[in-house]
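K.L.:
First the structure, then my questions, so here it is.
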Amino acid sequence: MINWKVDNGSIYIYDEVLKTVIAASLTEIKGVAGMSPGFVEEIIEGLGKKNYSKGIKINYKNQQMIIDLYVIIEYGTKIPDISWDIQQNVKRSIEKFLDIKTSKVNINIQGVLFPE
């Protein structure tokens, strides 16, 4: 969670809001097939609950935001190119919507979706 102190109080931005912005920015990138949920997310989805932030982890270290993305890409996509596109689009979206600097966006390719 991010907390800003302002003259009239505080502004809190929860990680789920950040994850929603990140997930929306990923839908704009050609070649991203989806996100890879971790073990906990799979259990939540198995219980019938939607989890829009699966595959997105946010950590804070020394007042810096570090984002880890677990991505599934479409077959034929060049991994270096799509990784660069993801990093730039996520940073741009976070800065545009929330005016927050992102120090790192780590891309973890978890799978490849083959055409049927």
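Every chain in the structure tokens takes a letter, A first, then B, and so on in the order presented; its residues are numbered from 1, and the ligands are numbered from 1 following the presented order.
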Env of Asp99 of chain A: 12 Å cut, atoms = only C-alpha atoms, seq-sep filter 6 positions within chain, self excluded. Answer as a PyMOL selection string.
P.N.:
chain A and resi 2+4+13+18+91-93
K.L.:
Please produce a file of the residues just selected, as a PDB file, in the first residue's frame, where the atoms kept are C-alpha atoms.
P.N.:
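Below you can see result_34.pdb, which holds the result:
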```pdb
ATOM      1  CA  ILE A   2       1.167   3.500  -0.784  1.00  0.00           C
ATOM      2  CA  TRP A   4       0.792   9.996   0.855  1.00  0.00           C
ATOM      3  CA  ILE A  13      -3.595   3.492  -2.620  1.00  0.00           C
ATOM      4  CA  LEU A  18      -2.098  -0.819  -8.557  1.00  0.00           C
ATOM      5  CA  LYS A  91       5.809   1.971 -16.028  1.00  0.00           C
ATOM      6  CA  ARG A  92       3.969   4.463 -18.227  1.00  0.00           C
ATOM      7  CA  SER A  93       0.546   3.413 -16.894  1.00  0.00           C
TER       8      SER A  93
END
```
K.L.:
Find the spatial neighbours of Ile79 of chain A, counting only C-alpha atoms, within a cut-off of 12 Å - ignore same-chain residues fewer than 2 positions away - and output them as a PyMOL selection string.
P.N.:
chain A and resi 30-32+71-77+81-86+107-112
K.L.:
Nearest residue to Gln88 of chain A out of A:Leu26, A:Ile56, A:Ala33, A:Val17, using only C-alpha atoms?
P.N.:
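When distances to Gln88 of chain A are compared using only C-alpha atoms, the smallest one comes from A:Leu26.
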K.L.:
Select, from A:Asn3, A:Gln87, A:Thr27, A:Thr20, the residue with the minimum atom-to-atom distance to Leu69 of chain A, counting only C-alpha atoms.
P.N.:
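When distances to Leu69 of chain A are compared using only C-alpha atoms, the smallest one comes from A:Gln87.
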K.L.:
Which one of A:Asn89, A:Gln63, A:Asn106, A:Ser36 sits closest to Met1 of chain A if you count only C-alpha atoms?
P.N.:
A:Gln63
K.L.:
Using only C-alpha atoms, which of the listed residues (A:Ser103, A:Asp15, A:Leu98, A:Val21) sits closest to Ile66 of chain A?
P.N.:
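Closest residue, counting only C-alpha atoms: A:Ser103.
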K.L.:
What is the atom CA of Ile22 of chain A-atom CA of Ile67 of chain A distance in Å, reported with one decimal?
P.N.:
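Separation of atom CA of Ile22 of chain A and atom CA of Ile67 of chain A: 9.4 Å.
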K.L.:
Please indicate the distance in Å from atom CA of Asp68 of chain A to atom CA of Gly34 of chain A, rounded to one decimal place.
P.N.:
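These atoms are spaced 14.3 Å apart.
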K.L.:
With DSSP run on the backbone, what are the strand (DSSP E or B) residues within chain A? I'd like them as a VMD selection string.
P.N.:
chain A and resid 2 to 6 9 to 13 32 to 35 56 to 61 64 to 74 102 to 113
K.L.:
Counting only C-alpha atoms, which of A:Ser53, A:Ser25, A:Asn59, A:Asn8 gets nearest to Phe97 of chain A?
P.N.:
A:Ser25
